[in-house]
Amino acid sequence: MVPSFSYIRPGSLDEAIGMLSSDGARVHAGGTDLLGCLRERVFDVSTVVSIAGLRELRGIEATAAGGLRIGALTTIAEVARHPVIRSKYRALSMAAAEVASPQLRNQGTIGGNLCQKPRCWYYRGEFHCLRKGGDRCYAVEGENAYHCILGGENCFIVHPSDTAPALAALQAGVVIAGPGGRRTVAVEDFHVPPSEDYTRETVLEPAEIVTEIVLPPPAEGLRSSYRKVRARRAWDFALAGVALAIVFAGDQAADSRVVLSGAAPVPWRSAEAEKLLKGRRLNRDRAAKAAGAAVKDAEPMTQNEYKIPLFRGLIEQQLTAIAQTG
Ligand SMILES: Cc1cc2nc3c(=O)[nH]c(=O)nc-3n(C[C@H](O)[C@H](O)[C@H](O)COP(=O)(O)OP(=O)(O)OC[C@H]3O[C@@H](n4cnc5c(N)ncnc54)[C@H](O)[C@@H]3O)c2cc1C
């Protein structure tokens, strides 16, 4: 049962920030994740501050620099079908189209997708795990088939968002407004790994709100893609996923970003794979080498070793495919 709480709809961003400054207040955007968390008692809430009426947080428009601004309240469905995103930032439209189900994409927002809570069944269930202030990660000795193989320390969740790895690959920034004013953080630095702090998922401070996401102008020769593998053909989170953003000069990968989903507690940028691609002709052999490097340091848990060959095959396949789409 959902606990009782006050529900407020502020008329402006400043008002929303003010209301969020009280203890136990939470942002409500589309509500698709928040309401599940409240029902499952993942955290307590005294006040739900709905930002859904704030028009300035909506819409997609070109920036003066030639990039794109996406308001935090833009729905995932709008992101998936936007013509400029489809043609210039393909990884993002592909990732958005892979999120959940059509109903959830119509209701869920891009800001909420970046800020959603982990899907670990211990965290969501009746377990007082480390991330909820307890003394252990139950996945270590429990069911860990869907947990991480990279970047786990104390807590072994995988980051749930499909759009975050695509945005990190495309070098997007997150604009945040709060009591101290505005700041911009690279999507790549927006999520907090458990090695730094296992009680929080993002760099958001109390009363801060994500207002927009800003994509830089696409570099000449940029090709990007996102693909995820899931356990079933209906909606599901990534078992393994890869976002690629590669700047081609002829058949060479002049610059590359390889970001994994379903691998780690945060969207996982593979510096090892990127290093092997830089300045090299991207053929099948190079793709296989880069894919191997991406999982070289993987540390599987008792039930998820299968993810290593899964990632290796997926990354090799996607690198080979992107080289052939020019
Ligand atoms: C059945 C199901 C399947 C799903 N499958 C997938 C999937 O395959 N891939 C995937 O990526 N996601 C998946 N999701 C997650 C879904 O995409 C998110 O629930 C959705 O994107 C959240 O958006 P929202 O606007 O509804 O956020 P809300 O539920 O309103 O908020 C989510 C969290 O973010 C915070 N928040 C929201 N907006 C802001 C903001 N602007 N600033 C600061 N904090 C904010 C809220 O306080 C809350 O903690 C699934 C969800 C469900 C329920």
# chains A, B, ... in the order shown; residues from 1 in each chain; ligands from 1
>>> residues_near_ligand(ligand="ligand 1", cutoff="6 Å", atoms="only C-alpha atoms and all ligand atoms", output="number ranges by chain")
A: 26-34, 72, 99-100, 108-113, 115-116, 160-163, 209-211, 235-237
>>> write_last_selection(atoms="N, CA, C and O atoms", output="compact mmCIF listing (two decimals), in the first residue's frame")
# COMPACT_ATOMS: atom_id res chain seq x y z
N ARG A 26 10.06 14.75 -2.17
CA ARG A 26 10.59 14.08 -3.37
C ARG A 26 9.98 14.66 -4.62
O ARG A 26 8.79 15.00 -4.64
N VAL A 27 10.77 14.69 -5.68
CA VAL A 27 10.27 15.14 -6.99
C VAL A 27 9.40 14.06 -7.61
O VAL A 27 9.72 12.87 -7.56
N HIS A 28 8.31 14.50 -8.21
CA HIS A 28 7.45 13.62 -9.00
C HIS A 28 7.39 14.19 -10.41
O HIS A 28 7.03 15.34 -10.61
N ALA A 29 7.81 13.38 -11.41
CA ALA A 29 7.74 13.84 -12.81
C ALA A 29 6.62 13.05 -13.49
O ALA A 29 5.45 13.44 -13.42
N GLY A 30 6.94 11.89 -14.08
CA GLY A 30 5.88 11.04 -14.66
C GLY A 30 5.32 10.07 -13.63
O GLY A 30 4.24 9.51 -13.81
N GLY A 31 6.08 9.83 -12.57
CA GLY A 31 5.61 8.96 -11.47
C GLY A 31 5.77 7.47 -11.71
O GLY A 31 5.45 6.68 -10.83
N THR A 32 6.29 7.06 -12.87
CA THR A 32 6.31 5.62 -13.17
C THR A 32 7.27 4.84 -12.28
O THR A 32 7.05 3.67 -12.00
N ASP A 33 8.32 5.51 -11.82
CA ASP A 33 9.25 4.86 -10.91
C ASP A 33 8.94 5.25 -9.46
O ASP A 33 8.93 4.41 -8.57
N LEU A 34 8.67 6.52 -9.26
CA LEU A 34 8.45 7.01 -7.89
C LEU A 34 7.32 6.25 -7.19
O LEU A 34 7.45 5.81 -6.04
N ALA A 72 13.75 18.33 -19.16
CA ALA A 72 13.71 17.12 -18.33
C ALA A 72 12.35 16.42 -18.35
O ALA A 72 12.26 15.21 -18.15
N VAL A 99 13.24 1.55 -24.07
CA VAL A 99 12.84 1.67 -22.66
C VAL A 99 11.44 1.06 -22.47
O VAL A 99 10.50 1.42 -23.17
N ALA A 100 11.33 0.17 -21.53
CA ALA A 100 10.04 -0.31 -21.01
C ALA A 100 9.01 -0.61 -22.10
O ALA A 100 9.33 -1.25 -23.11
N GLY A 108 6.66 8.25 -18.78
CA GLY A 108 7.96 8.48 -18.15
C GLY A 108 8.73 9.58 -18.87
O GLY A 108 8.63 9.74 -20.09
N THR A 109 9.52 10.32 -18.11
CA THR A 109 10.27 11.45 -18.68
C THR A 109 11.76 11.11 -18.76
O THR A 109 12.26 10.22 -18.06
N ILE A 110 12.45 11.89 -19.59
CA ILE A 110 13.89 11.65 -19.74
C ILE A 110 14.63 12.01 -18.43
O ILE A 110 15.55 11.30 -18.03
N GLY A 111 14.18 13.06 -17.74
CA GLY A 111 14.81 13.40 -16.45
C GLY A 111 14.61 12.28 -15.45
O GLY A 111 15.54 11.88 -14.74
N GLY A 112 13.40 11.75 -15.38
CA GLY A 112 13.11 10.65 -14.46
C GLY A 112 13.88 9.39 -14.83
O GLY A 112 14.28 8.62 -13.96
N ASN A 113 14.10 9.19 -16.11
CA ASN A 113 14.85 8.01 -16.55
C ASN A 113 16.29 8.06 -16.03
O ASN A 113 16.85 7.04 -15.64
N CYS A 115 17.18 9.64 -13.29
CA CYS A 115 17.20 9.68 -11.82
C CYS A 115 16.52 8.47 -11.18
O CYS A 115 16.43 8.40 -9.95
N GLN A 116 16.04 7.53 -11.97
CA GLN A 116 15.29 6.39 -11.42
C GLN A 116 16.15 5.57 -10.45
O GLN A 116 17.37 5.56 -10.53
N PRO A 160 19.94 1.10 -14.09
CA PRO A 160 18.80 0.64 -14.89
C PRO A 160 18.50 1.41 -16.18
O PRO A 160 17.75 0.92 -17.02
N SER A 161 19.02 2.63 -16.33
CA SER A 161 18.56 3.46 -17.46
C SER A 161 19.18 3.05 -18.79
O SER A 161 20.38 2.81 -18.88
N ASP A 162 18.35 3.02 -19.84
CA ASP A 162 18.87 2.82 -21.20
C ASP A 162 19.34 4.13 -21.81
O ASP A 162 20.27 4.13 -22.62
N THR A 163 18.71 5.24 -21.46
CA THR A 163 19.08 6.49 -22.12
C THR A 163 20.41 7.04 -21.58
O THR A 163 21.14 7.71 -22.30
N ILE A 209 16.96 19.88 -8.85
CA ILE A 209 16.08 19.34 -9.90
C ILE A 209 16.85 19.34 -11.21
O ILE A 209 17.52 20.33 -11.55
N VAL A 210 16.73 18.25 -11.95
CA VAL A 210 17.28 18.24 -13.32
C VAL A 210 16.31 19.04 -14.18
O VAL A 210 15.11 18.75 -14.21
N THR A 211 16.82 20.07 -14.86
CA THR A 211 15.93 20.89 -15.69
C THR A 211 16.02 20.53 -17.16
O THR A 211 15.04 20.63 -17.88
N TRP A 235 8.80 -6.05 -22.36
CA TRP A 235 9.60 -5.02 -21.71
C TRP A 235 10.54 -5.66 -20.71
O TRP A 235 10.16 -6.61 -20.02
N ASP A 236 11.73 -5.17 -20.62
CA ASP A 236 12.66 -5.64 -19.60
C ASP A 236 13.89 -4.75 -19.58
O ASP A 236 14.21 -4.10 -20.57
N PHE A 237 14.57 -4.76 -18.46
CA PHE A 237 15.80 -4.00 -18.33
C PHE A 237 16.93 -4.76 -19.02
O PHE A 237 16.81 -5.95 -19.29
>>> select_by_dssp(residues="segment 91-189 of chain A", states="strand (DSSP E or B)", output="ChimeraX atom specification")
/A:109,153,155,173-178,181-186
>>> write_last_selection(atoms="all heavy atoms", output="short mmCIF file (atom, residue, chain, number, x, y, z; two decimals), in the first residue's frame")
data_model
loop_
_atom_site.label_atom_id
_atom_site.label_comp_id
_atom_site.auth_asym_id
_atom_site.auth_seq_id
_atom_site.Cartn_x
_atom_site.Cartn_y
_atom_site.Cartn_z
N THR A 109 9.52 10.32 -18.11
CA THR A 109 10.27 11.45 -18.68
C THR A 109 11.76 11.11 -18.76
O THR A 109 12.26 10.22 -18.06
CB THR A 109 10.10 12.69 -17.79
OG1 THR A 109 10.70 12.41 -16.50
CG2 THR A 109 8.63 13.05 -17.59
N GLU A 153 31.37 -2.66 -5.76
CA GLU A 153 32.15 -2.57 -4.52
C GLU A 153 31.14 -2.30 -3.41
O GLU A 153 30.41 -1.31 -3.49
CB GLU A 153 33.18 -1.44 -4.62
CG GLU A 153 34.18 -1.49 -3.51
CD GLU A 153 35.26 -0.42 -3.65
OE1 GLU A 153 35.79 -0.22 -4.76
OE2 GLU A 153 35.56 0.23 -2.64
N CYS A 155 28.20 -2.67 -2.96
CA CYS A 155 26.87 -2.85 -3.56
C CYS A 155 27.05 -3.26 -5.02
O CYS A 155 27.95 -2.75 -5.69
CB CYS A 155 26.11 -1.52 -3.44
SG CYS A 155 24.61 -1.44 -4.43
N GLY A 173 25.29 16.84 -21.41
CA GLY A 173 25.39 17.41 -20.08
C GLY A 173 24.01 17.47 -19.42
O GLY A 173 22.99 17.54 -20.11
N VAL A 174 23.99 17.42 -18.10
CA VAL A 174 22.73 17.53 -17.34
C VAL A 174 22.73 18.90 -16.66
O VAL A 174 23.67 19.21 -15.93
CB VAL A 174 22.65 16.45 -16.23
CG1 VAL A 174 21.32 16.52 -15.51
CG2 VAL A 174 22.87 15.08 -16.80
N VAL A 175 21.69 19.68 -16.89
CA VAL A 175 21.59 20.98 -16.21
C VAL A 175 20.75 20.79 -14.96
O VAL A 175 19.65 20.20 -15.00
CB VAL A 175 20.98 22.06 -17.13
CG1 VAL A 175 20.95 23.42 -16.42
CG2 VAL A 175 21.79 22.16 -18.43
N ILE A 176 21.28 21.27 -13.84
CA ILE A 176 20.66 21.05 -12.53
C ILE A 176 20.38 22.42 -11.90
O ILE A 176 21.26 23.28 -11.89
CB ILE A 176 21.62 20.25 -11.62
CG1 ILE A 176 21.90 18.87 -12.23
CG2 ILE A 176 21.07 20.12 -10.21
CD1 ILE A 176 23.08 18.14 -11.58
N ALA A 177 19.17 22.58 -11.36
CA ALA A 177 18.86 23.83 -10.64
C ALA A 177 18.57 23.49 -9.18
O ALA A 177 17.95 22.45 -8.88
CB ALA A 177 17.63 24.50 -11.26
N GLY A 178 19.05 24.33 -8.29
CA GLY A 178 18.83 24.08 -6.86
C GLY A 178 18.95 25.34 -6.05
O GLY A 178 19.08 26.43 -6.62
N GLY A 181 21.64 27.76 -7.09
CA GLY A 181 21.70 28.22 -8.48
C GLY A 181 21.76 27.06 -9.46
O GLY A 181 21.29 25.97 -9.14
N ARG A 182 22.34 27.32 -10.63
CA ARG A 182 22.38 26.29 -11.67
C ARG A 182 23.79 25.76 -11.87
O ARG A 182 24.74 26.50 -11.70
CB ARG A 182 21.92 26.88 -13.01
CG ARG A 182 20.43 26.99 -13.07
CD ARG A 182 19.99 27.45 -14.44
NE ARG A 182 18.57 27.69 -14.37
CZ ARG A 182 17.65 27.01 -15.03
NH1 ARG A 182 18.02 26.06 -15.86
NH2 ARG A 182 16.37 27.27 -14.90
N ARG A 183 23.89 24.49 -12.24
CA ARG A 183 25.19 23.93 -12.60
C ARG A 183 24.97 22.88 -13.68
O ARG A 183 23.85 22.35 -13.82
CB ARG A 183 25.90 23.33 -11.39
CG ARG A 183 25.15 22.18 -10.73
CD ARG A 183 25.80 21.78 -9.42
NE ARG A 183 25.03 20.73 -8.75
CZ ARG A 183 25.51 19.51 -8.50
NH1 ARG A 183 26.72 19.17 -8.85
NH2 ARG A 183 24.75 18.62 -7.89
N THR A 184 26.02 22.60 -14.44
CA THR A 184 25.93 21.57 -15.48
C THR A 184 26.96 20.48 -15.17
O THR A 184 28.10 20.78 -14.85
CB THR A 184 26.20 22.17 -16.87
OG1 THR A 184 25.25 23.21 -17.11
CG2 THR A 184 26.04 21.11 -17.97
N VAL A 185 26.50 19.24 -15.27
CA VAL A 185 27.37 18.09 -14.99
C VAL A 185 27.32 17.19 -16.22
O VAL A 185 26.24 16.97 -16.78
CB VAL A 185 26.83 17.31 -13.76
CG1 VAL A 185 27.62 16.06 -13.50
CG2 VAL A 185 26.82 18.20 -12.52
N ALA A 186 28.45 16.67 -16.64
CA ALA A 186 28.44 15.71 -17.77
C ALA A 186 27.63 14.48 -17.35
O ALA A 186 27.75 14.04 -16.19
CB ALA A 186 29.87 15.31 -18.11
#
>>> closest_residue(among="A:Ala245, A:Val266, A:Ala240, A:Ala64", to="Lys88 of chain A", atoms="only C-alpha atoms")
A:Ala245
>>> atom_distance(atom1="atom CA of Glu40 of chain A", atom2="atom CA of Val2 of chain A")
7.7 Å
>>> residues_around(residues="Glu126 of chain A", least_positions_apart="5", cutoff="9 Å", atoms="only C-alpha atoms", output="PyMOL selection string")
chain A and resi 40-42+121
>>> write_last_selection(atoms="N, CA and C atoms", output="PDB file, in the first residue's frame")
ATOM      1  N   GLU A  40       6.456   0.060  -2.736  1.00  0.00           N
ATOM      2  CA  GLU A  40       7.351  -0.977  -2.213  1.00  0.00           C
ATOM      3  C   GLU A  40       8.086  -0.507  -0.952  1.00  0.00           C
ATOM      4  N   ARG A  41       7.781   0.708  -0.499  1.00  0.00           N
ATOM      5  CA  ARG A  41       8.400   1.276   0.717  1.00  0.00           C
ATOM      6  C   ARG A  41       9.923   1.279   0.639  1.00  0.00           C
ATOM      7  N   VAL A  42      10.450   1.602  -0.543  1.00  0.00           N
ATOM      8  CA  VAL A  42      11.904   1.679  -0.708  1.00  0.00           C
ATOM      9  C   VAL A  42      12.452   2.835   0.113  1.00  0.00           C
ATOM     10  N   TRP A 121      16.428  -6.605  -6.802  1.00  0.00           N
ATOM     11  CA  TRP A 121      15.234  -7.101  -6.086  1.00  0.00           C
ATOM     12  C   TRP A 121      15.403  -7.055  -4.576  1.00  0.00           C
TER      13      TRP A 121
END
>>> select_by_dssp(residues="segment 85-219 of chain A", states="helix (DSSP H, G or I)", output="ChimeraX atom specification")
/A:85-88,90-97,102-107,110-115,121-124,130-132,163-169,187-190
>>> write_last_selection(atoms="N, CA and C atoms", output="short mmCIF file (atom, residue, chain, number, x, y, z; two decimals), in the first residue's frame")
data_model
loop_
_atom_site.label_atom_id
_atom_site.label_comp_id
_atom_site.auth_asym_id
_atom_site.auth_seq_id
_atom_site.Cartn_x
_atom_site.Cartn_y
_atom_site.Cartn_z
N ILE A 85 16.76 13.98 -33.31
CA ILE A 85 17.44 12.96 -32.49
C ILE A 85 17.63 11.69 -33.32
N ARG A 86 16.60 11.37 -34.09
CA ARG A 86 16.72 10.15 -34.92
C ARG A 86 17.83 10.26 -35.95
N SER A 87 18.01 11.46 -36.51
CA SER A 87 19.02 11.55 -37.58
C SER A 87 20.41 11.88 -37.05
N LYS A 88 20.50 12.71 -36.00
CA LYS A 88 21.84 13.16 -35.58
C LYS A 88 22.35 12.51 -34.30
N ARG A 90 21.50 9.18 -33.07
CA ARG A 90 20.74 7.95 -33.23
C ARG A 90 20.78 7.07 -31.98
N ALA A 91 21.92 7.03 -31.31
CA ALA A 91 22.02 6.17 -30.11
C ALA A 91 20.93 6.53 -29.11
N LEU A 92 20.62 7.81 -28.99
CA LEU A 92 19.62 8.24 -28.02
C LEU A 92 18.22 7.82 -28.45
N SER A 93 17.89 7.99 -29.73
CA SER A 93 16.54 7.58 -30.14
C SER A 93 16.40 6.06 -30.04
N MET A 94 17.48 5.33 -30.37
CA MET A 94 17.41 3.86 -30.26
C MET A 94 17.25 3.43 -28.80
N ALA A 95 17.98 4.10 -27.91
CA ALA A 95 17.89 3.75 -26.49
C ALA A 95 16.50 4.06 -25.93
N ALA A 96 15.99 5.25 -26.30
CA ALA A 96 14.65 5.63 -25.79
C ALA A 96 13.60 4.63 -26.27
N ALA A 97 13.74 4.18 -27.52
CA ALA A 97 12.76 3.23 -28.07
C ALA A 97 12.83 1.87 -27.37
N PRO A 102 5.29 0.88 -24.45
CA PRO A 102 4.77 2.14 -25.00
C PRO A 102 4.08 3.00 -23.94
N GLN A 103 3.30 2.40 -23.06
CA GLN A 103 2.60 3.19 -22.02
C GLN A 103 3.61 3.92 -21.13
N LEU A 104 4.64 3.18 -20.71
CA LEU A 104 5.65 3.79 -19.82
C LEU A 104 6.46 4.85 -20.55
N ARG A 105 6.70 4.65 -21.84
CA ARG A 105 7.45 5.67 -22.59
C ARG A 105 6.61 6.94 -22.78
N ASN A 106 5.31 6.78 -22.84
CA ASN A 106 4.43 7.96 -22.96
C ASN A 106 4.29 8.72 -21.66
N GLN A 107 4.48 8.06 -20.55
CA GLN A 107 4.32 8.70 -19.24
C GLN A 107 5.65 9.09 -18.61
N ILE A 110 12.45 11.89 -19.59
CA ILE A 110 13.89 11.65 -19.74
C ILE A 110 14.63 12.01 -18.43
N GLY A 111 14.18 13.06 -17.74
CA GLY A 111 14.81 13.40 -16.45
C GLY A 111 14.61 12.28 -15.45
N GLY A 112 13.40 11.75 -15.38
CA GLY A 112 13.11 10.65 -14.46
C GLY A 112 13.88 9.39 -14.83
N ASN A 113 14.10 9.19 -16.11
CA ASN A 113 14.85 8.01 -16.55
C ASN A 113 16.29 8.06 -16.03
N LEU A 114 16.87 9.25 -16.01
CA LEU A 114 18.25 9.39 -15.49
C LEU A 114 18.30 9.24 -13.97
N CYS A 115 17.18 9.64 -13.29
CA CYS A 115 17.20 9.68 -11.82
C CYS A 115 16.52 8.47 -11.18
N TRP A 121 16.43 -6.61 -6.80
CA TRP A 121 15.23 -7.10 -6.09
C TRP A 121 15.40 -7.05 -4.58
N TYR A 122 16.64 -7.05 -4.09
CA TYR A 122 16.83 -6.90 -2.64
C TYR A 122 16.55 -5.46 -2.23
N TYR A 123 17.06 -4.52 -3.03
CA TYR A 123 16.83 -3.10 -2.73
C TYR A 123 15.33 -2.78 -2.80
N ARG A 124 14.66 -3.33 -3.79
CA ARG A 124 13.22 -3.06 -3.95
C ARG A 124 12.36 -3.90 -3.01
N LEU A 130 22.49 -2.66 2.24
CA LEU A 130 23.46 -1.58 2.45
C LEU A 130 22.97 -0.25 1.88
N ARG A 131 22.43 -0.27 0.68
CA ARG A 131 21.98 0.96 0.01
C ARG A 131 20.82 1.62 0.77
N LYS A 132 20.10 0.82 1.57
CA LYS A 132 18.99 1.39 2.36
C LYS A 132 19.41 1.63 3.81
N THR A 163 18.71 5.24 -21.46
CA THR A 163 19.08 6.49 -22.12
C THR A 163 20.41 7.04 -21.58
N ALA A 164 20.73 6.74 -20.30
CA ALA A 164 21.95 7.29 -19.70
C ALA A 164 23.22 6.88 -20.46
N PRO A 165 23.40 5.58 -20.78
CA PRO A 165 24.62 5.23 -21.53
C PRO A 165 24.69 5.91 -22.90
N ALA A 166 23.53 6.04 -23.56
CA ALA A 166 23.52 6.70 -24.87
C ALA A 166 23.91 8.17 -24.72
N LEU A 167 23.35 8.83 -23.69
CA LEU A 167 23.67 10.24 -23.46
C LEU A 167 25.14 10.41 -23.07
N ALA A 168 25.67 9.47 -22.29
CA ALA A 168 27.09 9.56 -21.92
C ALA A 168 27.96 9.39 -23.17
N ALA A 169 27.59 8.45 -24.03
CA ALA A 169 28.37 8.24 -25.26
C ALA A 169 28.34 9.49 -26.15
N VAL A 187 26.84 13.93 -18.26
CA VAL A 187 26.06 12.72 -17.91
C VAL A 187 27.01 11.64 -17.39
N GLU A 188 28.17 11.60 -17.98
CA GLU A 188 29.19 10.62 -17.58
C GLU A 188 29.54 10.73 -16.07
N ASP A 189 29.41 11.93 -15.52
CA ASP A 189 29.76 12.14 -14.10
C ASP A 189 28.53 12.28 -13.20
N PHE A 190 27.35 12.08 -13.76
CA PHE A 190 26.11 12.34 -13.02
C PHE A 190 25.79 11.22 -12.01
#
>>> closest_residue(among="A:Ile322, A:Val295, A:Leu20, A:Cys137", to="Ser46 of chain A", atoms="only C-alpha atoms")
A:Leu20
>>> residues_around(residues="segment 311-318 of chain A", least_positions_apart="6", cutoff="6 Å", atoms="only C-alpha atoms", output="ChimeraX atom specification")
/A:287-288,291-292
>>> decode(residues="segment 211-226 of chain A", atoms="N, CA, C and O atoms", output="tab-separated table (two decimals), in the first residue's frame")
chain	number	residue	atom	x	y	z
A	211	THR	N	16.82	20.07	-14.86
A	211	THR	CA	15.93	20.89	-15.69
A	211	THR	C	16.02	20.53	-17.16
A	211	THR	O	15.04	20.63	-17.88
A	212	GLU	N	17.21	20.19	-17.62
A	212	GLU	CA	17.34	19.84	-19.04
A	212	GLU	C	18.60	19.03	-19.29
A	212	GLU	O	19.49	18.97	-18.44
A	213	ILE	N	18.63	18.48	-20.48
A	213	ILE	CA	19.80	17.73	-20.94
A	213	ILE	C	20.27	18.44	-22.20
A	213	ILE	O	19.43	18.81	-23.05
A	214	VAL	N	21.57	18.65	-22.30
A	214	VAL	CA	22.08	19.38	-23.47
A	214	VAL	C	23.05	18.50	-24.25
A	214	VAL	O	24.02	17.97	-23.68
A	215	LEU	N	22.75	18.34	-25.53
A	215	LEU	CA	23.63	17.56	-26.41
A	215	LEU	C	24.51	18.51	-27.19
A	215	LEU	O	24.01	19.52	-27.73
A	216	PRO	N	25.81	18.22	-27.31
A	216	PRO	CA	26.67	19.09	-28.11
A	216	PRO	C	26.37	18.89	-29.60
A	216	PRO	O	25.76	17.89	-29.98
A	217	PRO	N	26.82	19.82	-30.45
A	217	PRO	CA	26.61	19.60	-31.89
A	217	PRO	C	27.30	18.30	-32.30
A	217	PRO	O	28.40	18.02	-31.81
A	218	PRO	N	26.68	17.52	-33.17
A	218	PRO	CA	27.32	16.26	-33.56
A	218	PRO	C	28.59	16.52	-34.39
A	218	PRO	O	28.57	17.35	-35.28
A	219	ALA	N	29.68	15.83	-34.05
A	219	ALA	CA	30.93	16.01	-34.80
A	219	ALA	C	30.75	15.47	-36.22
A	219	ALA	O	29.96	14.54	-36.44
A	220	GLU	N	31.48	16.03	-37.14
A	220	GLU	CA	31.47	15.52	-38.53
A	220	GLU	C	31.95	14.06	-38.51
A	220	GLU	O	32.97	13.76	-37.89
A	221	GLY	N	31.21	13.19	-39.16
A	221	GLY	CA	31.61	11.78	-39.21
A	221	GLY	C	31.10	10.95	-38.04
A	221	GLY	O	31.41	9.77	-37.93
A	222	LEU	N	30.26	11.57	-37.16
A	222	LEU	CA	29.74	10.83	-36.00
A	222	LEU	C	28.69	9.80	-36.42
A	222	LEU	O	27.76	10.12	-37.16
A	223	ARG	N	28.88	8.59	-35.96
A	223	ARG	CA	27.83	7.57	-36.07
A	223	ARG	C	27.60	7.03	-34.67
A	223	ARG	O	28.58	6.84	-33.93
A	224	SER	N	26.34	6.77	-34.33
A	224	SER	CA	26.10	6.26	-32.98
A	224	SER	C	24.99	5.21	-33.00
A	224	SER	O	24.17	5.17	-33.93
A	225	SER	N	25.00	4.36	-31.98
A	225	SER	CA	23.97	3.30	-31.91
A	225	SER	C	23.81	2.84	-30.46
A	225	SER	O	24.67	3.10	-29.62
A	226	TYR	N	22.68	2.18	-30.20
A	226	TYR	CA	22.46	1.54	-28.90
A	226	TYR	C	21.75	0.22	-29.13
A	226	TYR	O	20.80	0.14	-29.92
